[in-house]
$ cat run07.pdb   # PDB, C-alpha atoms
ATOM      1  CA  MET C   1       0.000   0.000   0.000
ATOM      2  CA  PRO C   2       1.268   3.528  -0.704
ATOM      3  CA  VAL C   3       2.541   5.523   2.236
ATOM      4  CA  GLU C   4       0.535   8.686   2.820
ATOM      5  CA  SER C   5       2.726  11.771   2.793
ATOM      6  CA  LEU C   6       2.842  13.743   6.034
ATOM      7  CA  PRO C   7       1.546  17.319   5.702
ATOM      8  CA  ILE C   8       4.022  19.782   7.192
ATOM      9  CA  ALA C   9       4.224  23.533   7.669
ATOM     10  CA  VAL C  10       7.573  25.266   7.294
ATOM     11  CA  LEU C  11       8.185  28.386   9.379
ATOM     12  CA  ILE C  12      10.709  30.966   8.159
ATOM     13  CA  SER C  13      11.929  34.443   8.971
ATOM     14  CA  GLY C  14      14.387  35.233   6.182
ATOM     15  CA  VAL C  15      15.639  34.236   2.750
ATOM     16  CA  GLY C  16      14.459  30.634   3.004
ATOM     17  CA  SER C  17      17.530  28.739   1.834
ATOM     18  CA  ASN C  18      16.655  25.748   4.017
ATOM     19  CA  LEU C  19      13.074  25.963   2.766
ATOM     20  CA  GLN C  20      14.398  25.762  -0.786
ATOM     21  CA  SER C  21      16.429  22.679   0.121
ATOM     22  CA  LEU C  22      13.253  21.024   1.423
ATOM     23  CA  ILE C  23      11.417  21.930  -1.773
ATOM     24  CA  ASP C  24      14.234  20.690  -4.012
ATOM     25  CA  ASN C  25      14.922  17.459  -2.120
ATOM     26  CA  GLY C  26      11.438  16.268  -1.233
ATOM     27  CA  THR C  27      10.897  12.522  -1.693
ATOM     28  CA  GLY C  28       7.156  12.278  -1.164
ATOM     29  CA  SER C  29       7.219  11.173   2.465
ATOM     30  CA  THR C  30       6.182  14.702   3.383
ATOM     31  CA  ARG C  31       4.423  17.507   1.568
ATOM     32  CA  ILE C  32       4.713  21.159   2.452
ATOM     33  CA  VAL C  33       1.147  22.413   2.779
ATOM     34  CA  ALA C  34       2.088  25.920   3.915
ATOM     35  CA  VAL C  35       4.987  28.270   4.528
ATOM     36  CA  LEU C  36       4.448  30.757   7.331
ATOM     37  CA  SER C  37       6.582  33.692   8.377
ATOM     38  CA  ASP C  38       6.705  36.134  11.257
ATOM     39  CA  ARG C  39       7.953  38.800   8.816
ATOM     40  CA  PRO C  40       5.780  40.115   5.974
ATOM     41  CA  ARG C  41       8.747  40.761   3.676
ATOM     42  CA  ALA C  42      10.648  37.541   4.246
ATOM     43  CA  ALA C  43      12.223  36.609   0.916
ATOM     44  CA  GLY C  44      11.484  32.944   1.523
ATOM     45  CA  LEU C  45       7.788  33.627   0.964
ATOM     46  CA  LEU C  46       8.608  34.283  -2.690
ATOM     47  CA  LYS C  47      10.364  30.927  -2.921
ATOM     48  CA  ALA C  48       7.237  29.229  -1.582
ATOM     49  CA  GLU C  49       4.984  31.075  -3.997
ATOM     50  CA  ALA C  50       7.256  30.154  -6.907
ATOM     51  CA  ALA C  51       6.838  26.505  -5.890
ATOM     52  CA  GLY C  52       3.057  26.855  -5.676
ATOM     53  CA  ILE C  53       2.971  26.498  -1.894
ATOM     54  CA  PRO C  54       0.394  28.549   0.063
ATOM     55  CA  THR C  55       1.852  31.180   2.390
ATOM     56  CA  ALA C  56       0.704  33.172   5.394
ATOM     57  CA  VAL C  57       2.198  35.811   7.659
ATOM     58  CA  VAL C  58       1.736  35.993  11.413
ATOM     59  CA  ASP C  59       3.483  39.290  12.065
ATOM     60  CA  TRP C  60       5.298  39.224  15.400
ATOM     61  CA  ARG C  61       4.942  43.002  15.737
ATOM     62  CA  GLU C  62       1.173  42.707  16.082
ATOM     63  CA  PHE C  63       1.409  40.767  19.355
ATOM     64  CA  ARG C  64       2.246  41.881  22.849
ATOM     65  CA  ASP C  65       3.446  38.515  24.097
ATOM     66  CA  ARG C  66       4.853  35.205  22.919
ATOM     67  CA  ASP C  67       1.887  33.133  24.080
ATOM     68  CA  ARG C  68      -0.632  34.980  21.931
ATOM     69  CA  PHE C  69       1.728  34.926  18.951
ATOM     70  CA  THR C  70       2.177  31.175  19.409
ATOM     71  CA  GLU C  71      -1.569  30.627  19.645
ATOM     72  CA  VAL C  72      -2.231  32.437  16.371
ATOM     73  CA  MET C  73       0.664  30.683  14.644
ATOM     74  CA  CYS C  74      -0.634  27.281  15.766
ATOM     75  CA  GLU C  75      -4.106  28.186  14.517
ATOM     76  CA  ALA C  76      -2.635  29.087  11.132
ATOM     77  CA  VAL C  77      -0.682  25.826  10.944
ATOM     78  CA  ASP C  78      -3.802  23.875  11.842
ATOM     79  CA  ARG C  79      -5.848  25.732   9.244
ATOM     80  CA  PHE C  80      -3.594  24.391   6.511
ATOM     81  CA  GLY C  81      -3.935  20.850   7.830
ATOM     82  CA  ALA C  82      -0.282  20.401   8.820
ATOM     83  CA  ARG C  83       0.523  17.696  11.352
ATOM     84  CA  ALA C  84       4.148  18.666  11.904
ATOM     85  CA  ILE C  85       6.268  21.812  11.780
ATOM     86  CA  VAL C  86       9.759  22.442  10.457
ATOM     87  CA  LEU C  87      11.560  25.562  11.663
ATOM     88  CA  ALA C  88      13.844  26.586   8.804
ATOM     89  CA  GLY C  89      15.549  29.803   9.809
ATOM     90  CA  PHE C  90      12.621  30.832  12.004
ATOM     91  CA  MET C  91      13.916  33.431  14.441
ATOM     92  CA  ARG C  92      11.145  33.395  17.050
ATOM     93  CA  VAL C  93      10.850  31.131  20.075
ATOM     94  CA  LEU C  94       7.454  29.448  20.165
ATOM     95  CA  GLY C  95       5.618  29.163  23.478
ATOM     96  CA  SER C  96       4.635  25.993  25.280
ATOM     97  CA  LEU C  97       1.296  25.745  23.439
ATOM     98  CA  ALA C  98       3.129  24.792  20.239
ATOM     99  CA  ILE C  99       4.976  21.949  21.948
ATOM    100  CA  LYS C 100       1.738  20.690  23.494
ATOM    101  CA  THR C 101      -0.133  20.951  20.175
ATOM    102  CA  PHE C 102       2.603  19.260  18.128
ATOM    103  CA  PRO C 103       4.418  16.950  20.584
ATOM    104  CA  ASP C 104       7.652  15.523  19.125
ATOM    105  CA  ALA C 105       6.569  16.969  15.802
ATOM    106  CA  ILE C 106       8.450  20.274  15.626
ATOM    107  CA  ILE C 107      11.889  20.015  14.024
ATOM    108  CA  ASN C 108      14.543  22.731  14.074
ATOM    109  CA  VAL C 109      17.934  23.114  12.422
ATOM    110  CA  HIS C 110      20.679  24.959  14.301
ATOM    111  CA  PRO C 111      24.170  25.990  13.095
ATOM    112  CA  SER C 112      26.253  24.426  15.854
ATOM    113  CA  LEU C 113      26.873  21.111  17.572
ATOM    114  CA  LEU C 114      24.396  21.480  20.409
ATOM    115  CA  PRO C 115      24.559  21.789  23.350
ATOM    116  CA  SER C 116      27.430  24.096  22.354
ATOM    117  CA  PHE C 117      26.483  27.592  21.224
ATOM    118  CA  PRO C 118      22.688  27.634  21.515
ATOM    119  CA  GLY C 119      20.633  30.701  20.705
ATOM    120  CA  ALA C 120      21.427  33.492  18.286
ATOM    121  CA  ASN C 121      24.820  34.132  16.652
ATOM    122  CA  ALA C 122      26.014  30.542  16.940
ATOM    123  CA  VAL C 123      28.579  30.987  14.162
ATOM    124  CA  GLU C 124      30.020  34.089  15.788
ATOM    125  CA  GLN C 125      30.124  32.292  19.143
ATOM    126  CA  ALA C 126      32.079  29.382  17.684
ATOM    127  CA  LEU C 127      34.668  31.686  16.130
ATOM    128  CA  ALA C 128      34.979  33.750  19.312
ATOM    129  CA  HIS C 129      35.583  30.635  21.412
ATOM    130  CA  GLY C 130      38.339  29.361  19.133
ATOM    131  CA  VAL C 131      36.954  25.839  18.733
ATOM    132  CA  THR C 132      38.328  23.720  15.910
ATOM    133  CA  HIS C 133      34.933  22.349  14.870
ATOM    134  CA  THR C 134      31.354  23.486  14.899
ATOM    135  CA  GLY C 135      28.565  21.966  12.840
ATOM    136  CA  VAL C 136      24.867  21.412  12.325
ATOM    137  CA  THR C 137      22.258  19.969  14.656
ATOM    138  CA  VAL C 138      18.735  18.927  13.717
ATOM    139  CA  HIS C 139      16.605  18.429  16.802
ATOM    140  CA  PHE C 140      13.097  18.237  18.146
ATOM    141  CA  VAL C 141      11.854  21.408  19.801
ATOM    142  CA  ASP C 142      10.951  21.502  23.469
ATOM    143  CA  GLU C 143      10.136  24.367  25.803
ATOM    144  CA  GLU C 144      13.760  25.502  26.156
ATOM    145  CA  VAL C 145      15.806  27.216  23.461
ATOM    146  CA  ASP C 146      17.847  24.805  21.295
ATOM    147  CA  HIS C 147      17.481  22.130  23.930
ATOM    148  CA  GLY C 148      15.209  19.362  22.592
ATOM    149  CA  PRO C 149      16.256  15.789  21.733
ATOM    150  CA  ILE C 150      18.949  15.672  19.066
ATOM    151  CA  ILE C 151      18.005  13.825  15.886
ATOM    152  CA  ALA C 152      21.168  14.233  13.812
ATOM    153  CA  GLN C 153      24.449  16.140  13.888
ATOM    154  CA  GLN C 154      27.352  16.686  11.533
ATOM    155  CA  PRO C 155      30.592  18.506  12.353
ATOM    156  CA  VAL C 156      32.061  21.276  10.217
ATOM    157  CA  PRO C 157      35.764  22.124  10.656
ATOM    158  CA  ILE C 158      36.764  25.712  11.334
ATOM    159  CA  LEU C 159      39.628  26.812   9.107
ATOM    160  CA  ASP C 160      42.388  29.212  10.154
ATOM    161  CA  ASP C 161      41.204  31.901   7.750
ATOM    162  CA  ASP C 162      37.471  31.510   8.399
ATOM    163  CA  ASP C 163      35.300  34.511   9.081
ATOM    164  CA  VAL C 164      31.583  34.531   9.838
ATOM    165  CA  ASP C 165      30.573  34.543   6.176
ATOM    166  CA  SER C 166      32.867  31.737   5.016
ATOM    167  CA  LEU C 167      32.067  29.482   7.967
ATOM    168  CA  HIS C 168      28.338  30.121   7.704
ATOM    169  CA  ALA C 169      28.437  29.268   3.995
ATOM    170  CA  ARG C 170      30.026  25.859   4.700
ATOM    171  CA  ILE C 171      27.580  25.208   7.524
ATOM    172  CA  GLN C 172      24.683  25.943   5.181
ATOM    173  CA  VAL C 173      25.918  23.332   2.711
ATOM    174  CA  VAL C 174      25.517  20.741   5.464
ATOM    175  CA  GLU C 175      22.170  22.156   6.606
ATOM    176  CA  HIS C 176      20.770  21.920   3.099
ATOM    177  CA  ARG C 177      21.575  18.210   2.970
ATOM    178  CA  LEU C 178      20.937  17.126   6.555
ATOM    179  CA  LEU C 179      17.592  18.837   7.166
ATOM    180  CA  PRO C 180      15.822  17.255   4.161
ATOM    181  CA  GLU C 181      17.228  13.836   5.131
ATOM    182  CA  VAL C 182      15.818  14.153   8.644
ATOM    183  CA  VAL C 183      12.449  15.468   7.477
ATOM    184  CA  ASP C 184      12.174  12.640   4.956
ATOM    185  CA  ALA C 185      12.976  10.031   7.619
ATOM    186  CA  PHE C 186      10.476  11.624   9.991
ATOM    187  CA  GLY C 187       7.801  11.511   7.300
ATOM    188  CA  ARG C 188       8.504   7.833   6.741
ATOM    189  CA  GLY C 189       7.967   7.114  10.434
ATOM    190  CA  ALA C 190      11.606   6.080  10.834
ATOM    191  CA  ILE C 191      12.362   8.411  13.758
ATOM    192  CA  SER C 192      11.117   7.859  17.299
ATOM    193  CA  VAL C 193      11.916   9.648  20.532
ATOM    194  CA  ALA C 194      11.910   8.458  24.129
ATOM    195  CA  GLY C 195      12.959  11.081  26.628
ATOM    196  CA  ARG C 196      16.107  12.623  25.208
ATOM    197  CA  ARG C 197      17.039   9.634  23.052
ATOM    198  CA  VAL C 198      16.143   9.585  19.373
ATOM    199  CA  GLN C 199      16.250   6.357  17.396
ATOM    200  CA  TRP C 200      16.344   5.816  13.650
ATOM    201  CA  ASN C 201      14.595   2.691  12.368
ATOM    202  CA  SER C 202      16.833   1.417   9.573
ATOM    203  CA  ALA C 203      14.278  -1.207   8.547
ATOM    204  CA  VAL C 204      11.694   1.482   7.797
ATOM    205  CA  LEU C 205      14.251   3.511   5.875
ATOM    206  CA  SER C 206      15.285   0.521   3.775
ATOM    207  CA  GLU C 207      11.681  -0.172   2.794
ATOM    208  CA  GLY C 208      11.340   3.256   1.186
ATOM    209  CA  LEU C 209       8.108   4.671  -0.130
ATOM    210  CA  ARG C 210       5.995   2.227  -2.083
TER     211      ARG C 210
END
$ encode --input "run07.pdb" --output "structure tokens"
Amino acid sequence: MPVESLPIAVLISGVGSNLQSLIDNGTGSTRIVAVLSDRPRAAGLLKAEAAGIPTAVVDWREFRDRDRFTEVMCEAVDRFGARAIVLAGFMRVLGSLAIKTFPDAIINVHPSLLPSFPGANAVEQALAHGVTHTGVTVHFVDEEVDHGPIIAQQPVPILDDDDVDSLHARIQVVEHRLLPEVVDAFGRGAISVAGRRVQWNSAVLSEGLR
């Protein structure tokens, strides 16, 4: 029997390069039913429209607190029929309602090897600390910032002549490959989480989509 694709919403705040990687590398295990942004002029909205994906804006500036913003964002996601959320360069922290509404179904990509360098400016933090490697983490979202169970990680070496732009560019290359792989596996039902441990079911992955 064919596997039904999982409807997902992708949340963005900026240019949408990770969104584009999801569009370009989709395998059918998921389908993007909506792209939502907290910024009306986010360039990634144009990428979604070019791909024929519905878009909506929940403008952060119209809300006095995070809880109300989260409530309206969750309502918008639900309106499009999404059953999971991917944060792809989304620069707002969602409140606890989102985690309760979509338990173990919100995925985020972060430009460091968590738990190192959480929060904003992770690339700058890595360079300032003088570490030899940073990387990419894809994780489930919980109620703390960049804290949820880790699904996948890949290191990226820091070169002697790296600056923020050059290091970020190499990190993005990894993001654009790793995030679609994780989202595809999640859509196939090959990822499960128990506490802080995430397991990949290789048997499900080997079956593929029929």
$ resolve_selection --input "run07.pdb" --expression "the PyMOL selection byres ((chain C and resi 179) around 8)" --output "ChimeraX atom specification"
/C:18,22,109,138,175-178,180-183
$ atom_distance --input "run07.pdb" --atom1 "atom CA of Ser37 of chain C" --atom2 "atom CA of Asn25 of chain C"
21.1 Å
$ resolve_selection --input "run07.pdb" --expression "the PyMOL selection byres ((chain C and resi 8) around 9)" --output "MDAnalysis selection string"
chainID C and resid 6:7 9:10 30:35 77 80:86
$ closest_residue --input "run07.pdb" --among "C:Val198, C:Gly187, C:Gly135, C:Val123" --to "Ser166 of chain C" --atoms "only C-alpha atoms"
C:Val123
$ closest_residue --input "run07.pdb" --among "C:Leu127, C:Asp142, C:Ala105, C:Thr134" --to "Ser192 of chain C" --atoms "all atoms listed in the file"
C:Ala105
$ axis_aligned_box --input "run07.pdb" --around "segment 191-202 of chain C" --padding-each-side "5 Å" --output "AutoDock Vina command-line options"
--center_x 14.1 --center_y 7.0 --center_z 18.1 --size_x 15.9 --size_y 21.2 --size_z 27.1
$ closest_residue --input "run07.pdb" --among "C:Gln20, C:Met73, C:Arg66, C:Arg196" --to "Ala48 of chain C" --atoms "all atoms listed in the file"
C:Gln20
$ closest_residue --input "run07.pdb" --among "C:Val136, C:Ile107, C:Leu11, C:Ala43" --to "Ile191 of chain C" --atoms "only C-alpha atoms"
C:Ile107
$ resolve_selection --input "run07.pdb" --expression "the PyMOL selection byres ((chain C and resi 94) around 9)" --output "JSON, numbers by chain"
{"C": [66, 67, 69, 70, 73, 92, 93, 95, 96, 97, 98, 99, 143]}
$ closest_residue --input "run07.pdb" --among "C:Lys100, C:Leu114, C:Arg39, C:Ser5" --to "Thr27 of chain C" --atoms "all atoms listed in the file"
C:Ser5
$ atom_distance --input "run07.pdb" --atom1 "atom CA of Cys74 of chain C" --atom2 "atom CA of Phe102 of chain C"
9.0 Å
